[in-house]
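Enquirer: Got a structure here, written out as structure tokens. Questions coming.
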Amino acid sequence: MKNYLQTNHLINISDVDVNYNLRLDNMLNCFQDITTFHSFELGVDRESLVKNCSAFWVLSKIKVVFNKLPMWNEDATIKTWPTPVSPIRFFREF
């Protein structure tokens, strides 16, 4: 099983601001969607963690750096992968 998930997202008019740049809240929604799908694929989604490990996960912070904000009608590639797991936490890259 691959350790990453990649998807393409066409930037719709409802995703952009008045300058036709992708709004940051919509980019975070894209990150949340791909993370959720990938967690299910890897078997570390909320339900599986509670059932199998009596554990849960919490998103405590996020840092995002953009080289260029996608614009309306552009196709954005979103890729995510987890970093090595420690006993207390692990990080996810985008």
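Quick note on naming: the chains in the structure tokens go A, B, ... in the order shown, residues restart at 1 in each chain, and ligands are numbered from 1 in order of appearance.
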For segment 25-39 of chain A, find every residue with an atom within 8 Å (counting only C-alpha atoms), except residues of its own chain fewer than 2 positions away, and show them as a VMD selection string.
Expert: chain A and resid 4 to 7 15 22 to 23 41 to 45 78 to 80 94
Enquirer: Give me, please, the distance in Å between atom CA of Leu10 of chain A and atom CA of Ala76 of chain A, quoted to one decimal.
Expert: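 Those two atoms sit 6.2 Å apart.
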Enquirer: What lies within 6 Å of Tyr20 of chain A using only C-alpha atoms, ignoring chain neighbours under 4 positions off, as a PDB file with C-alpha atoms, in the first residue's frame?
Expert:
ATOM      1  CA  VAL A  16     -12.089  31.918  -4.869  1.00  0.00           C
ATOM      2  CA  MET A  71      -6.656  30.671  -9.215  1.00  0.00           C
ATOM      3  CA  TRP A  72     -10.132  30.076 -10.589  1.00  0.00           C
TER       4      TRP A  72
END
Enquirer: Record the distance separating atom CA of Asn19 of chain A and atom CA of Pro70 of chain A, expressed in Å with one decimal.
Expert: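 These two atoms are separated by 11.1 Å.
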Enquirer: Quick one, how far is atom CA of Trp81 of chain A from atom CA of Ser14 of chain A?
Expert: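 Between atom CA of Trp81 of chain A and atom CA of Ser14 of chain A the gap is 27.2 Å.
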Enquirer: With only C-alpha atoms as the atoms that count, which of A:Leu49, A:Val18, A:Ile11, A:Leu24 lies nearest to Phe66 of chain A?
Expert: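 The answer is A:Leu24, which sits nearest to Phe66 of chain A.
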